[in-house]
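Some notes on the structure that comes next.
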There are 2 protein chains.
Amino acid sequence: MEQGHARALKEAGMKATPKRLAILEALYAESGYASPEELWKRLRDRFDRLGLPTVYRNLEELAASGVITKVIHPNRQLYYFFCPNREHHHHFVCLSCRKVEDLPACGLSALEQEVSRSIGGKVLSHILQLNGLCGVCAAAAGGTP
Amino acid sequence: MEQGHARALKEAGMKATPKRLAILEALYAESGYASPEELWKRLRDRFDRLGLPTVYRNLEELAASGVITKVIHPNRQLYYFFCPNREHHHHFVCLSCRKVEDLPACGLSALEQEVSRSIGGKVLSHILQLNGLCGVCAAAAGGTP
DNA sequence: ATCCTAAAACGAAATCATTTCTATTTAGGA
DNA sequence: TCCTAAATAGAAATGATTTCGTTTTAGGAT
Ligand SMILES: [Mn+2]
Ligand SMILES: [Mn+2]
Ligand SMILES: [Zn+2]
Ligand SMILES: [Zn+2]
């Protein structure tokens, strides 16, 4: 997938630097969301030098250009997730194991229109996320009393 | 409305202390969301002593017991809003003037059920917020070229 | 292949919103 | 009026995130 990631970066107008690619691949390898520091710890051995600010900066840039996604977390820290799905959509997040799953197509445009009209303003963006326990975690929590 | 706020606190199982009431009333007086520090600056003259941590703590407790609402903000700082609507619902937030408006009744339970079923897990909560420009701010931005 | 330059990376240090901690005060039920 | 769990003070700590000035590099141009 290295090639594909390099292409994704080019399409986003970003240089395909080794560190940027490694950050993206590390996130791709995760089954769930990850924090900047976690990714940094996972990657720093692979480079003679890798600064934590570099990881923060790249994740932010990648999210800004839509290559990766931010997760909204109760602790208000930064978490990111790689989702290959290029359509506009939202996510279910497992609060226990960090797994992220796609929701069916976002049906909020009707709501956006209705709200724009009723308030006489402009809806510029929306946030939608479901939180809960994935199948595995729900079974582990409720299944063995 | 002082009486009503005291009652709301009692119903939430919280003591109606003067500072807590003042914080709640200050938020009630706002037309939009507010930060802990803003409320603190507005209130500290009214008391011989009022600590910023007290404001943080009270806002968090009030939000936890559902008396007030947290706003999700791009800068990831804490903002709160007082909404008298006791039904489960979500908000439109004006990114320019901080005004918050109710959205029509949340219709996400069908989605929650579908997702629970399809992933075999449990949906515990959801986040939904529309961001944009209210009527006034949209007119000011686009209306006078 | 070599140059050139804007972009990227470095990392120590700063930032600063938020939380912690321990002592003191208080609301409100008994 | 008493009692006690809850609430407050406020200085200090925290720690995730950002800033800054410098150095390095990717990748298009020559
Ligand atoms: Mn997705
Ligand atoms: Mn509301
Ligand atoms: Zn899970
Ligand atoms: Zn507005």
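Chain labels follow the order of the structure tokens: the first chain is A, the next B, and so on; residue numbering restarts at 1 in every chain, and ligands are counted from 1 in their shown order.
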
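The residues sitting within 12 Å of ligand 3, with only C-alpha atoms (C1' of nucleotides) and all ligand atoms considered, come out as Ser31, Gly32, Tyr33, Phe92, Val93, Cys94, Leu95, Ser96, Cys97, Arg98, Lys99, Val100, Glu101, Asn131, Gly132, Leu133, Cys134, Gly135, Val136, Cys137, Ala138, Ala139, Ala140 and Ala141 of chain A; Ile119, Gly120, Gly121, Lys122 and Val123 of chain B.
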
Please report as a PyMOL selection string which residues of chain A come no farther than 8 Å from chain D, using only C-alpha atoms (C1' of nucleotides).
chain A and resi 15-17+77

Could you give me, as a PyMOL selection string, every polymer residue with an atom at most 6 Å away from an atom of ligand 1, counting only C-alpha atoms (C1' of nucleotides) and all ligand atoms?
chain A and resi 83+85+91+102

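Considering only range 33-113 of chain A, backbone DSSP assigns alpha helix (DSSP H) to Pro36, Glu37, Glu38, Leu39, Trp40, Lys41, Arg42, Leu43, Leu52, Pro53, Thr54, Val55, Tyr56, Arg57, Asn58, Leu59, Glu60, Glu61, Leu62, Ala63, Ala64, Ser109, Ala110, Leu111, Glu112 and Gln113 of chain A.
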
Put those residues in a file: N, CA, C and O atoms, as an mmCIF file, in the first residue's frame.
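Result file follows (selection27.cif):
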data_model
loop_
_atom_site.group_PDB
_atom_site.id
_atom_site.type_symbol
_atom_site.label_atom_id
_atom_site.label_comp_id
_atom_site.auth_asym_id
_atom_site.auth_seq_id
_atom_site.Cartn_x
_atom_site.Cartn_y
_atom_site.Cartn_z
ATOM 1 N N PRO A 36 -1.199 11.060 18.774
ATOM 2 C CA PRO A 36 0.109 11.450 18.245
ATOM 3 C C PRO A 36 1.260 10.804 19.012
ATOM 4 O O PRO A 36 2.201 10.278 18.408
ATOM 5 N N GLU A 37 1.182 10.799 20.320
ATOM 6 C CA GLU A 37 2.292 10.250 21.101
ATOM 7 C C GLU A 37 2.443 8.751 20.890
ATOM 8 O O GLU A 37 3.558 8.237 20.812
ATOM 9 N N GLU A 38 1.325 8.059 20.791
ATOM 10 C CA GLU A 38 1.406 6.612 20.538
ATOM 11 C C GLU A 38 2.095 6.329 19.217
ATOM 12 O O GLU A 38 2.949 5.440 19.132
ATOM 13 N N LEU A 39 1.728 7.054 18.198
ATOM 14 C CA LEU A 39 2.345 6.842 16.888
ATOM 15 C C LEU A 39 3.826 7.203 16.931
ATOM 16 O O LEU A 39 4.670 6.516 16.352
ATOM 17 N N TRP A 40 4.123 8.249 17.638
ATOM 18 C CA TRP A 40 5.518 8.679 17.765
ATOM 19 C C TRP A 40 6.366 7.590 18.428
ATOM 20 O O TRP A 40 7.438 7.228 17.949
ATOM 21 N N LYS A 41 5.821 7.015 19.511
ATOM 22 C CA LYS A 41 6.569 5.954 20.203
ATOM 23 C C LYS A 41 6.770 4.747 19.304
ATOM 24 O O LYS A 41 7.781 4.055 19.381
ATOM 25 N N ARG A 42 5.799 4.503 18.466
ATOM 26 C CA ARG A 42 5.882 3.348 17.587
ATOM 27 C C ARG A 42 6.890 3.580 16.460
ATOM 28 O O ARG A 42 7.408 2.637 15.892
ATOM 29 N N LEU A 43 7.121 4.828 16.126
ATOM 30 C CA LEU A 43 7.924 5.128 14.934
ATOM 31 C C LEU A 43 9.335 5.599 15.229
ATOM 32 O O LEU A 43 10.204 5.533 14.374
ATOM 33 N N LEU A 52 8.390 14.605 18.242
ATOM 34 C CA LEU A 52 6.956 14.530 18.516
ATOM 35 C C LEU A 52 6.198 15.669 17.836
ATOM 36 O O LEU A 52 5.114 15.437 17.274
ATOM 37 N N PRO A 53 6.737 16.869 17.797
ATOM 38 C CA PRO A 53 6.026 17.939 17.075
ATOM 39 C C PRO A 53 5.827 17.610 15.601
ATOM 40 O O PRO A 53 4.828 18.012 15.007
ATOM 41 N N THR A 54 6.761 16.877 15.030
ATOM 42 C CA THR A 54 6.601 16.471 13.628
ATOM 43 C C THR A 54 5.375 15.572 13.461
ATOM 44 O O THR A 54 4.629 15.689 12.488
ATOM 45 N N VAL A 55 5.177 14.700 14.419
ATOM 46 C CA VAL A 55 4.017 13.812 14.346
ATOM 47 C C VAL A 55 2.726 14.622 14.507
ATOM 48 O O VAL A 55 1.784 14.454 13.731
ATOM 49 N N TYR A 56 2.704 15.485 15.474
ATOM 50 C CA TYR A 56 1.544 16.355 15.649
ATOM 51 C C TYR A 56 1.251 17.132 14.364
ATOM 52 O O TYR A 56 0.121 17.200 13.902
ATOM 53 N N ARG A 57 2.293 17.731 13.813
ATOM 54 C CA ARG A 57 2.111 18.573 12.630
ATOM 55 C C ARG A 57 1.586 17.763 11.459
ATOM 56 O O ARG A 57 0.621 18.151 10.794
ATOM 57 N N ASN A 58 2.173 16.609 11.232
ATOM 58 C CA ASN A 58 1.736 15.794 10.101
ATOM 59 C C ASN A 58 0.313 15.292 10.268
ATOM 60 O O ASN A 58 -0.460 15.308 9.310
ATOM 61 N N LEU A 59 -0.020 14.856 11.446
ATOM 62 C CA LEU A 59 -1.381 14.364 11.646
ATOM 63 C C LEU A 59 -2.382 15.490 11.398
ATOM 64 O O LEU A 59 -3.419 15.289 10.760
ATOM 65 N N GLU A 60 -2.056 16.659 11.875
ATOM 66 C CA GLU A 60 -2.959 17.784 11.676
ATOM 67 C C GLU A 60 -3.107 18.105 10.185
ATOM 68 O O GLU A 60 -4.211 18.337 9.680
ATOM 69 N N GLU A 61 -1.993 18.116 9.479
ATOM 70 C CA GLU A 61 -2.032 18.405 8.049
ATOM 71 C C GLU A 61 -2.800 17.322 7.278
ATOM 72 O O GLU A 61 -3.571 17.626 6.366
ATOM 73 N N LEU A 62 -2.546 16.080 7.668
ATOM 74 C CA LEU A 62 -3.247 14.982 6.992
ATOM 75 C C LEU A 62 -4.754 15.062 7.235
ATOM 76 O O LEU A 62 -5.553 14.796 6.336
ATOM 77 N N ALA A 63 -5.121 15.435 8.437
ATOM 78 C CA ALA A 63 -6.552 15.567 8.726
ATOM 79 C C ALA A 63 -7.138 16.757 7.981
ATOM 80 O O ALA A 63 -8.238 16.685 7.436
ATOM 81 N N ALA A 64 -6.374 17.843 7.928
ATOM 82 C CA ALA A 64 -6.869 19.045 7.250
ATOM 83 C C ALA A 64 -7.105 18.775 5.770
ATOM 84 O O ALA A 64 -8.039 19.324 5.172
ATOM 85 N N SER A 109 -28.034 16.004 5.033
ATOM 86 C CA SER A 109 -28.186 17.192 4.180
ATOM 87 C C SER A 109 -29.612 17.739 4.246
ATOM 88 O O SER A 109 -29.820 18.948 4.173
ATOM 89 N N ALA A 110 -30.571 16.839 4.417
ATOM 90 C CA ALA A 110 -31.954 17.311 4.563
ATOM 91 C C ALA A 110 -32.078 18.163 5.822
ATOM 92 O O ALA A 110 -32.668 19.253 5.801
ATOM 93 N N LEU A 111 -31.481 17.673 6.910
ATOM 94 C CA LEU A 111 -31.512 18.438 8.159
ATOM 95 C C LEU A 111 -30.799 19.775 7.984
ATOM 96 O O LEU A 111 -31.293 20.821 8.423
ATOM 97 N N GLU A 112 -29.668 19.740 7.322
ATOM 98 C CA GLU A 112 -28.916 20.984 7.100
ATOM 99 C C GLU A 112 -29.779 22.005 6.362
ATOM 100 O O GLU A 112 -29.802 23.184 6.725
ATOM 101 N N GLN A 113 -30.451 21.536 5.347
ATOM 102 C CA GLN A 113 -31.285 22.453 4.562
ATOM 103 C C GLN A 113 -32.416 23.011 5.402
ATOM 104 O O GLN A 113 -32.685 24.219 5.383
#

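Between chain A and the residues B:Cys106, B:Arg76, B:His5, B:Phe82, the shortest atom-to-atom distance, using only C-alpha atoms, involves B:Arg76.
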
Could the residues of chain C within 9 Å of chain B, counting only C-alpha atoms (C1' of nucleotides), be given as a count of residues only, please?
6

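For chain B, the set of residues given strand (DSSP E or B) by DSSP on the backbone reads Gly32, Ala34, Thr69, Lys70, Val71, Tyr79, Tyr80, Phe81, His91, Phe92, Val93, Cys94, Lys99, Val100, Glu101, Asp102, Lys122, Val123, Leu124, Ser125, His126, Ile127, Leu128, Gln129, Leu130, Asn131, Gly132 and Leu133 of chain B.
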
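If you look at CA of Ile23 in chain B and CA of Leu130 in chain B, they are 26.0 Å away from each other.
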
Within 12 Å of Ala6 in chain B, counting only C-alpha atoms (C1' of nucleotides), which residues qualify if same-chain residues fewer than 4 places away don't, as a PDB file with all heavy atoms, in the first residue's frame?
ATOM      1  N   MET B   1     -36.179  34.024  37.762  1.00  0.00           N
ATOM      2  CA  MET B   1     -35.820  32.623  37.421  1.00  0.00           C
ATOM      3  C   MET B   1     -34.939  31.983  38.495  1.00  0.00           C
ATOM      4  O   MET B   1     -34.605  30.824  38.453  1.00  0.00           O
ATOM      5  CB  MET B   1     -35.091  32.582  36.069  1.00  0.00           C
ATOM      6  CG  MET B   1     -35.007  31.191  35.455  1.00  0.00           C
ATOM      7  SD  MET B   1     -36.442  30.483  34.591  1.00  0.00           S
ATOM      8  CE  MET B   1     -37.861  31.104  35.391  1.00  0.00           C
ATOM      9  N   GLU B   2     -34.589  32.789  39.471  1.00  0.00           N
ATOM     10  CA  GLU B   2     -33.715  32.282  40.528  1.00  0.00           C
ATOM     11  C   GLU B   2     -34.305  31.030  41.181  1.00  0.00           C
ATOM     12  O   GLU B   2     -33.627  30.039  41.399  1.00  0.00           O
ATOM     13  CB  GLU B   2     -33.562  33.389  41.579  1.00  0.00           C
ATOM     14  CG  GLU B   2     -32.439  33.146  42.563  1.00  0.00           C
ATOM     15  CD  GLU B   2     -32.236  34.393  43.425  1.00  0.00           C
ATOM     16  OE1 GLU B   2     -32.035  35.491  42.856  1.00  0.00           O
ATOM     17  OE2 GLU B   2     -32.304  34.262  44.648  1.00  0.00           O
ATOM     18  N   LYS B  10     -31.700  21.335  42.851  1.00  0.00           N
ATOM     19  CA  LYS B  10     -32.197  20.330  43.787  1.00  0.00           C
ATOM     20  C   LYS B  10     -32.585  19.048  43.066  1.00  0.00           C
ATOM     21  O   LYS B  10     -32.252  17.943  43.489  1.00  0.00           O
ATOM     22  CB  LYS B  10     -33.400  20.885  44.569  1.00  0.00           C
ATOM     23  CG  LYS B  10     -34.078  19.845  45.449  1.00  0.00           C
ATOM     24  CD  LYS B  10     -34.910  20.467  46.562  1.00  0.00           C
ATOM     25  CE  LYS B  10     -34.043  21.028  47.681  1.00  0.00           C
ATOM     26  NZ  LYS B  10     -34.827  21.468  48.859  1.00  0.00           N
ATOM     27  N   GLU B  11     -33.262  19.233  41.947  1.00  0.00           N
ATOM     28  CA  GLU B  11     -33.654  18.049  41.176  1.00  0.00           C
ATOM     29  C   GLU B  11     -32.445  17.261  40.698  1.00  0.00           C
ATOM     30  O   GLU B  11     -32.491  16.047  40.510  1.00  0.00           O
ATOM     31  CB  GLU B  11     -34.515  18.461  39.972  1.00  0.00           C
ATOM     32  CG  GLU B  11     -35.948  18.786  40.364  1.00  0.00           C
ATOM     33  CD  GLU B  11     -36.719  19.433  39.218  1.00  0.00           C
ATOM     34  OE1 GLU B  11     -36.164  19.519  38.105  1.00  0.00           O
ATOM     35  OE2 GLU B  11     -37.858  19.867  39.455  1.00  0.00           O
ATOM     36  N   ALA B  12     -31.344  17.989  40.467  1.00  0.00           N
ATOM     37  CA  ALA B  12     -30.130  17.314  40.026  1.00  0.00           C
ATOM     38  C   ALA B  12     -29.316  16.781  41.199  1.00  0.00           C
ATOM     39  O   ALA B  12     -28.252  16.210  41.020  1.00  0.00           O
ATOM     40  CB  ALA B  12     -29.272  18.269  39.190  1.00  0.00           C
ATOM     41  N   GLY B  13     -29.853  16.983  42.409  1.00  0.00           N
ATOM     42  CA  GLY B  13     -29.153  16.489  43.583  1.00  0.00           C
ATOM     43  C   GLY B  13     -27.931  17.297  43.959  1.00  0.00           C
ATOM     44  O   GLY B  13     -26.987  16.783  44.549  1.00  0.00           O
ATOM     45  N   MET B  14     -27.949  18.571  43.609  1.00  0.00           N
ATOM     46  CA  MET B  14     -26.803  19.419  43.934  1.00  0.00           C
ATOM     47  C   MET B  14     -27.226  20.518  44.899  1.00  0.00           C
ATOM     48  O   MET B  14     -28.315  21.069  44.785  1.00  0.00           O
ATOM     49  CB  MET B  14     -26.255  20.066  42.648  1.00  0.00           C
ATOM     50  CG  MET B  14     -25.959  19.062  41.539  1.00  0.00           C
ATOM     51  SD  MET B  14     -25.559  19.872  39.949  1.00  0.00           S
ATOM     52  CE  MET B  14     -23.904  20.447  40.281  1.00  0.00           C
ATOM     53  N   LYS B  15     -26.342  20.846  45.815  1.00  0.00           N
ATOM     54  CA  LYS B  15     -26.634  21.936  46.734  1.00  0.00           C
ATOM     55  C   LYS B  15     -26.740  23.258  45.990  1.00  0.00           C
ATOM     56  O   LYS B  15     -25.968  23.521  45.073  1.00  0.00           O
ATOM     57  CB  LYS B  15     -25.527  22.053  47.777  1.00  0.00           C
ATOM     58  CG  LYS B  15     -25.518  20.945  48.805  1.00  0.00           C
ATOM     59  CD  LYS B  15     -24.489  21.255  49.873  1.00  0.00           C
ATOM     60  CE  LYS B  15     -24.443  20.140  50.922  1.00  0.00           C
ATOM     61  NZ  LYS B  15     -23.394  20.407  51.933  1.00  0.00           N
ATOM     62  N   ALA B  16     -27.674  24.079  46.420  1.00  0.00           N
ATOM     63  CA  ALA B  16     -27.861  25.371  45.753  1.00  0.00           C
ATOM     64  C   ALA B  16     -26.996  26.424  46.423  1.00  0.00           C
ATOM     65  O   ALA B  16     -27.489  27.305  47.139  1.00  0.00           O
ATOM     66  CB  ALA B  16     -29.329  25.770  45.780  1.00  0.00           C
ATOM     67  N   THR B  17     -25.721  26.363  46.198  1.00  0.00           N
ATOM     68  CA  THR B  17     -24.831  27.361  46.793  1.00  0.00           C
ATOM     69  C   THR B  17     -24.911  28.657  45.998  1.00  0.00           C
ATOM     70  O   THR B  17     -25.250  28.638  44.809  1.00  0.00           O
ATOM     71  CB  THR B  17     -23.382  26.864  46.787  1.00  0.00           C
ATOM     72  OG1 THR B  17     -22.924  26.802  45.437  1.00  0.00           O
ATOM     73  CG2 THR B  17     -23.278  25.483  47.402  1.00  0.00           C
ATOM     74  N   PRO B  18     -24.601  29.775  46.643  1.00  0.00           N
ATOM     75  CA  PRO B  18     -24.689  31.072  45.946  1.00  0.00           C
ATOM     76  C   PRO B  18     -23.825  31.111  44.691  1.00  0.00           C
ATOM     77  O   PRO B  18     -24.242  31.635  43.662  1.00  0.00           O
ATOM     78  CB  PRO B  18     -24.166  32.059  47.001  1.00  0.00           C
ATOM     79  CG  PRO B  18     -24.410  31.392  48.310  1.00  0.00           C
ATOM     80  CD  PRO B  18     -24.251  29.932  48.064  1.00  0.00           C
ATOM     81  N   LYS B  19     -22.651  30.553  44.769  1.00  0.00           N
ATOM     82  CA  LYS B  19     -21.768  30.606  43.613  1.00  0.00           C
ATOM     83  C   LYS B  19     -22.269  29.725  42.483  1.00  0.00           C
ATOM     84  O   LYS B  19     -22.220  30.095  41.319  1.00  0.00           O
ATOM     85  CB  LYS B  19     -20.355  30.213  44.035  1.00  0.00           C
ATOM     86  CG  LYS B  19     -19.713  31.300  44.854  1.00  0.00           C
ATOM     87  CD  LYS B  19     -18.478  30.853  45.582  1.00  0.00           C
ATOM     88  CE  LYS B  19     -17.993  32.002  46.470  1.00  0.00           C
ATOM     89  NZ  LYS B  19     -16.803  31.639  47.250  1.00  0.00           N
ATOM     90  N   ARG B  20     -22.751  28.571  42.857  1.00  0.00           N
ATOM     91  CA  ARG B  20     -23.286  27.675  41.832  1.00  0.00           C
ATOM     92  C   ARG B  20     -24.478  28.312  41.137  1.00  0.00           C
ATOM     93  O   ARG B  20     -24.603  28.261  39.914  1.00  0.00           O
ATOM     94  CB  ARG B  20     -23.679  26.342  42.473  1.00  0.00           C
ATOM     95  CG  ARG B  20     -24.209  25.324  41.504  1.00  0.00           C
ATOM     96  CD  ARG B  20     -24.352  23.969  42.164  1.00  0.00           C
ATOM     97  NE  ARG B  20     -23.073  23.323  42.368  1.00  0.00           N
ATOM     98  CZ  ARG B  20     -22.835  22.367  43.276  1.00  0.00           C
ATOM     99  NH1 ARG B  20     -23.797  21.989  44.094  1.00  0.00           N
ATOM    100  NH2 ARG B  20     -21.653  21.812  43.358  1.00  0.00           N
ATOM    101  N   LEU B  21     -25.337  28.914  41.930  1.00  0.00           N
ATOM    102  CA  LEU B  21     -26.496  29.597  41.351  1.00  0.00           C
ATOM    103  C   LEU B  21     -26.056  30.740  40.443  1.00  0.00           C
ATOM    104  O   LEU B  21     -26.603  30.934  39.352  1.00  0.00           O
ATOM    105  CB  LEU B  21     -27.394  30.134  42.459  1.00  0.00           C
ATOM    106  CG  LEU B  21     -28.484  29.181  42.944  1.00  0.00           C
ATOM    107  CD1 LEU B  21     -29.157  29.734  44.186  1.00  0.00           C
ATOM    108  CD2 LEU B  21     -29.518  28.941  41.837  1.00  0.00           C
ATOM    109  N   ALA B  22     -25.049  31.477  40.896  1.00  0.00           N
ATOM    110  CA  ALA B  22     -24.586  32.611  40.104  1.00  0.00           C
ATOM    111  C   ALA B  22     -24.005  32.143  38.776  1.00  0.00           C
ATOM    112  O   ALA B  22     -24.209  32.759  37.722  1.00  0.00           O
ATOM    113  CB  ALA B  22     -23.541  33.405  40.885  1.00  0.00           C
ATOM    114  N   ILE B  23     -23.274  31.051  38.813  1.00  0.00           N
ATOM    115  CA  ILE B  23     -22.693  30.511  37.581  1.00  0.00           C
ATOM    116  C   ILE B  23     -23.804  30.109  36.619  1.00  0.00           C
ATOM    117  O   ILE B  23     -23.779  30.417  35.429  1.00  0.00           O
ATOM    118  CB  ILE B  23     -21.777  29.309  37.906  1.00  0.00           C
ATOM    119  CG1 ILE B  23     -20.522  29.790  38.633  1.00  0.00           C
ATOM    120  CG2 ILE B  23     -21.417  28.543  36.639  1.00  0.00           C
ATOM    121  CD1 ILE B  23     -19.714  28.691  39.282  1.00  0.00           C
ATOM    122  N   LEU B  24     -24.796  29.435  37.176  1.00  0.00           N
ATOM    123  CA  LEU B  24     -25.896  28.989  36.334  1.00  0.00           C
ATOM    124  C   LEU B  24     -26.673  30.176  35.768  1.00  0.00           C
ATOM    125  O   LEU B  24     -27.033  30.193  34.590  1.00  0.00           O
ATOM    126  CB  LEU B  24     -26.811  28.086  37.165  1.00  0.00           C
ATOM    127  CG  LEU B  24     -27.950  27.367  36.448  1.00  0.00           C
ATOM    128  CD1 LEU B  24     -27.435  26.590  35.243  1.00  0.00           C
ATOM    129  CD2 LEU B  24     -28.646  26.416  37.430  1.00  0.00           C
ATOM    130  N   GLU B  25     -26.878  31.175  36.594  1.00  0.00           N
ATOM    131  CA  GLU B  25     -27.615  32.343  36.107  1.00  0.00           C
ATOM    132  C   GLU B  25     -26.816  33.136  35.083  1.00  0.00           C
ATOM    133  O   GLU B  25     -27.370  33.666  34.125  1.00  0.00           O
ATOM    134  CB  GLU B  25     -28.000  33.252  37.293  1.00  0.00           C
ATOM    135  CG  GLU B  25     -29.286  32.773  37.963  1.00  0.00           C
ATOM    136  CD  GLU B  25     -29.409  33.301  39.394  1.00  0.00           C
ATOM    137  OE1 GLU B  25     -28.820  34.347  39.685  1.00  0.00           O
ATOM    138  OE2 GLU B  25     -30.088  32.620  40.204  1.00  0.00           O
ATOM    139  N   VAL B  67     -27.860  19.694  33.511  1.00  0.00           N
ATOM    140  CA  VAL B  67     -28.483  21.008  33.665  1.00  0.00           C
ATOM    141  C   VAL B  67     -28.004  21.958  32.568  1.00  0.00           C
ATOM    142  O   VAL B  67     -28.757  22.801  32.099  1.00  0.00           O
ATOM    143  CB  VAL B  67     -28.185  21.598  35.068  1.00  0.00           C
ATOM    144  CG1 VAL B  67     -28.797  22.977  35.218  1.00  0.00           C
ATOM    145  CG2 VAL B  67     -28.678  20.654  36.144  1.00  0.00           C
TER     146      VAL B  67
END

Separation of CA of Glu30 in chain A from CA of Gln3 in chain A in Å:
18.2 Å

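If only C-alpha atoms are the atoms counted, then among A:Ile127, A:Ile72, A:Arg49, A:Gly142 the closest residue to chain B is A:Ile127.
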